[in-house]
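Asker: Before anything else, here's the structure in question.
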Amino acid sequence: MTTLGTGVLRVRHWLRDHPLALDSVLALAVLVAMVIGSFVRPGAPNGAAFGTRTPEAGSVLLMVLGAVALIWRRRHPMAVLVATAGLTVVELVGFDPPAPVVMSTVIALYTVAARTDRPTTWRVGLLTMAVLTAAAMFFGSAPWYSQENFGVFAWTGMAGAAGDAVRSRRAFVDAIRERAERAERTRDEEARRRVAEERLRIARDLHDVVAHHIALVNVQAGVAAHVMDKRPDQAKEALAHVREASRSALNELRATVGLLRQSGDPEAPTEPAPGLAVLDELVDTVRRAGLPVEVACTDRRPPLPAAVDLAAYRVIQEALTNVRKHAGPGAKAEVSVVRVGATAEITVIDNGSGGGGHNGDGGGHGLLGMRERVTALGGSLTAGPRYGGGFRVHAILPVKARTAEPEEPGAAGRTGENT
């Protein structure tokens with residue numbers, strides 16, 4: 001049974017790949033059916049019986065021509081229909097009783113209906129039905145109401161209806177297939193977009209963590225090297241700050257890498273994401289690195305949404321890092337967090353002479369990462385030199401962020417107190 005099924009499947013595939021051969025086989029089958037039907041006399045007193053008549057040579061020729069025309073029914077459906085309908089009319093008018101040449105017209109009409117549109121099917125089908133039925137009724141010896149005449153009407157009508165149904169089903173299947181393919185393409189594009197967004201988010205987080213802590217490590221290491229010989233106690237304190245900053249960097253990197261290595265859905269974090277609740281710790285770390293910082297937070301209302309709170313923290317962290325790296329010696333920084341209506345405004349300014357933060361417009365990624373964070377939440381960020389010296393970073397964040405990230409309980413803390 002398996003071998004037989006495989007052979008049938010191969011034959012079907014071959015016939016589908018060679019439509020002309022399939023149409024030739026169909027034409028031969030129609031010819032055989034017409035020839036067999038031509039030996040039956042319809043309307044006989046004792047009922048139709050096989051072998052009661054013999055077809056004339058002209059009828060055989062018309063049947064052969066009608067069958068041969070079906071070989072090209074796919075390439076020229078309308079021309080084949082006109083040819084077979086003309087042969088059928090000749091048979092109905094010139095021979096009595098007529099041979100079933102109408103079978104070839106039925107197949108041709110079905111092909112037209114299956115390969116064209118519905119309006120064409122209606123027009124051509126009705127015209128074919130009317131012409132053939134009228135020829136059978138007016139030129140045959142049987143009464144006009146005989147079942148053979150109505151048989152011509154019924155068979156041509158069913159051919160048009162069947163072809164239209166097949167065409168509609170093919171169109172429906174094609175539409176479903178196209179919709180599935182389009183959905184698959186959309187799904188792939190959405191997956192690629194999400195991957196790109198996630199990679200960008202991870203890159204921003206890694207940059208913020210590494211740039212901030214490594215900058216502090218670099219500064220404290222420089223201090224330790226400078227005072228190692230003359231003030232060993234101060235060098236020891238600077239090295240302690242180096243160790244603390246490096247440990248913090250390692251902890252944050254370990255948490256990020258651990259999240260990336262999870263194969264399934266990430267588990268809930270064991271610690272809240274950094275936010276304005278830990279702003280004092282960030283400021284203390286920067287102060288210990290030698291940068292004086294003043295903080296003014298005038299907001300005492302409920303905490304910001306998690307995504308906004310994290311973005312505000314990262315903006316302040318990156319801005320202070322840039323001040324420490326680029327503002328020059330003797331620089332001071334000021335940080336303010338203010339709620340204005342439905343927005344939170346984050347401002348970091350310094351009075352340095354080194355143009356802190358300019359690297360974000362050059363080869364670095366500091367200002368670029370801040371701007372991407374703020375823009376993703378529907379806010380805006382401006383950064384540039386101040387009049388009279390120094391640099392200013394100003395971010396406006398909506399209190400209700402346009403982000404799809406769920407808010408995590410405890411992820412955002414209350415904005416800090418005045419320091």
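Letters A, B, ... mark the chains of the structure tokens in the order given; residue numbers begin at 1 per chain; ligand numbers begin at 1, in order shown.
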So that I can see what lies close to segment 119-132 of chain A, please list as number ranges by chain the residues with an atom at most 6 Å from it, counting only C-alpha atoms and leaving out residues fewer than 2 positions away in the same chain.

Answerer: A: 113, 117, 134-135, 153, 156, 160

Asker: Mind writing the picked residues with N, CA and C atoms as an mmCIF file, in the first residue's frame?

Answerer:
```
data_model
loop_
_atom_site.group_PDB
_atom_site.id
_atom_site.type_symbol
_atom_site.label_atom_id
_atom_site.label_comp_id
_atom_site.auth_asym_id
_atom_site.auth_seq_id
_atom_site.Cartn_x
_atom_site.Cartn_y
_atom_site.Cartn_z
ATOM 1 N N ALA A 113 -14.835 29.626 -16.262
ATOM 2 C CA ALA A 113 -15.332 30.090 -14.964
ATOM 3 C C ALA A 113 -14.265 29.972 -13.877
ATOM 4 N N ASP A 117 -12.974 36.010 -13.788
ATOM 5 C CA ASP A 117 -13.699 36.565 -12.651
ATOM 6 C C ASP A 117 -15.184 36.233 -12.752
ATOM 7 N N ALA A 134 -31.185 27.061 -27.037
ATOM 8 C CA ALA A 134 -32.037 27.465 -28.160
ATOM 9 C C ALA A 134 -31.791 26.591 -29.381
ATOM 10 N N ALA A 135 -30.515 26.270 -29.653
ATOM 11 C CA ALA A 135 -30.227 25.402 -30.809
ATOM 12 C C ALA A 135 -30.824 24.025 -30.621
ATOM 13 N N PHE A 153 -29.188 22.647 -20.936
ATOM 14 C CA PHE A 153 -29.271 23.832 -20.076
ATOM 15 C C PHE A 153 -28.666 23.554 -18.695
ATOM 16 N N THR A 156 -24.615 22.893 -18.761
ATOM 17 C CA THR A 156 -23.826 24.116 -18.946
ATOM 18 C C THR A 156 -23.914 25.025 -17.718
ATOM 19 N N GLY A 160 -20.649 26.204 -15.238
ATOM 20 C CA GLY A 160 -20.284 27.560 -14.827
ATOM 21 C C GLY A 160 -20.266 27.722 -13.321
#
```

Asker: Find the spatial neighbours of Ser24 of chain A, counting only C-alpha atoms, within a cut-off of 8 Å - ignore same-chain residues fewer than 2 positions away - and output them as a ChimeraX atom specification.

Answerer: /A:20-22,26-28,68,70-71

Asker: How would the residues just chosen look if you wrote them out with N, CA and C atoms as an mmCIF file, in the first residue's frame?

Answerer:
```cif
data_model
loop_
_atom_site.group_PDB
_atom_site.id
_atom_site.type_symbol
_atom_site.label_atom_id
_atom_site.label_comp_id
_atom_site.auth_asym_id
_atom_site.auth_seq_id
_atom_site.Cartn_x
_atom_site.Cartn_y
_atom_site.Cartn_z
ATOM 1 N N LEU A 20 0.010 20.427 -19.741
ATOM 2 C CA LEU A 20 -0.404 20.064 -21.103
ATOM 3 C C LEU A 20 -0.659 18.562 -21.199
ATOM 4 N N ALA A 21 0.173 17.761 -20.525
ATOM 5 C CA ALA A 21 -0.051 16.317 -20.519
ATOM 6 C C ALA A 21 -1.344 15.984 -19.788
ATOM 7 N N LEU A 22 -1.617 16.690 -18.680
ATOM 8 C CA LEU A 22 -2.859 16.449 -17.950
ATOM 9 C C LEU A 22 -4.073 16.795 -18.800
ATOM 10 N N LEU A 26 -7.140 14.430 -20.114
ATOM 11 C CA LEU A 26 -8.541 14.812 -19.942
ATOM 12 C C LEU A 26 -9.276 14.831 -21.276
ATOM 13 N N ALA A 27 -8.648 15.362 -22.305
ATOM 14 C CA ALA A 27 -9.277 15.406 -23.625
ATOM 15 C C ALA A 27 -9.559 13.999 -24.137
ATOM 16 N N LEU A 28 -8.634 13.086 -23.915
ATOM 17 C CA LEU A 28 -8.858 11.691 -24.339
ATOM 18 C C LEU A 28 -10.019 11.077 -23.580
ATOM 19 N N VAL A 68 -9.891 17.583 -29.064
ATOM 20 C CA VAL A 68 -8.559 18.128 -29.338
ATOM 21 C C VAL A 68 -8.464 19.585 -28.856
ATOM 22 N N LEU A 70 -9.719 20.855 -26.314
ATOM 23 C CA LEU A 70 -9.563 20.926 -24.854
ATOM 24 C C LEU A 70 -8.107 20.854 -24.406
ATOM 25 N N ILE A 71 -7.230 20.420 -25.278
ATOM 26 C CA ILE A 71 -5.814 20.332 -24.893
ATOM 27 C C ILE A 71 -5.260 21.716 -24.552
#
```

Asker: Figure out the distance between atom CA of Ala161 of chain A and atom CA of Val93 of chain A, please, to one decimal in Å.

Answerer: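 Separation between atom CA of Val93 of chain A and atom CA of Ala161 of chain A: 26.3 Å.
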
Asker: From the list A:Arg187, A:His18, A:Arg288, A:Arg53, which residue is nearest Val35 of chain A when using only C-alpha atoms?

Answerer: A:Arg53

Asker: Report, in Å with one decimal, the straight-line distance from atom CA of Val308 of chain A to atom CA of Ala376 of chain A.

Answerer: 10.1 Å

Asker: For Pro98 of chain A, which residue out of A:Ala136, A:Val323, A:Val30, A:Val80 is the nearest one, using only C-alpha atoms?

Answerer: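 Answer, going by the shortest atom-to-atom distance: A:Ala136.
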
Asker: Which value, in Å to one decimal, gives the distance between atom CA of Gly157 of chain A and atom CA of Ala83 of chain A?

Answerer: 18.2 Å

Asker: Could you give me, as an NGL selection string, the residues within 8 Å of Ala383 of chain A, counting only C-alpha atoms and dropping anything in the same chain fewer than 6 positions from it?

Answerer: :A and (367 or 391-394)

Asker: Write down as number ranges by chain the residues belonging to segment 42-253 of chain A that are assigned alpha helix (DSSP H) by DSSP computed on the backbone.

Answerer: A: 57-69, 77-94, 102-115, 118-139, 147-227, 232-253

Asker: Could you find all residues in segment 71-317 of chain A that DSSP calls strand (DSSP E) from the backbone, and write them as JSON, numbers by chain?

Answerer: {"A": [293, 294, 295, 296, 297]}

Asker: With C-alpha atoms retained, could you export that selection as a PDB file, in the first residue's frame?

Answerer:
```
ATOM      1  CA  VAL A 293      28.288  67.867  44.247  1.00  0.00           C
ATOM      2  CA  GLU A 294      25.244  69.728  45.485  1.00  0.00           C
ATOM      3  CA  VAL A 295      21.815  68.103  45.159  1.00  0.00           C
ATOM      4  CA  ALA A 296      18.457  69.828  45.161  1.00  0.00           C
ATOM      5  CA  CYS A 297      15.358  67.628  45.006  1.00  0.00           C
TER       6      CYS A 297
END
```

Asker: Which is closer to Phe39 of chain A than all the others in A:Leu9, A:Ala99, A:Ile349, A:Val315, using only C-alpha atoms?

Answerer: A:Ala99
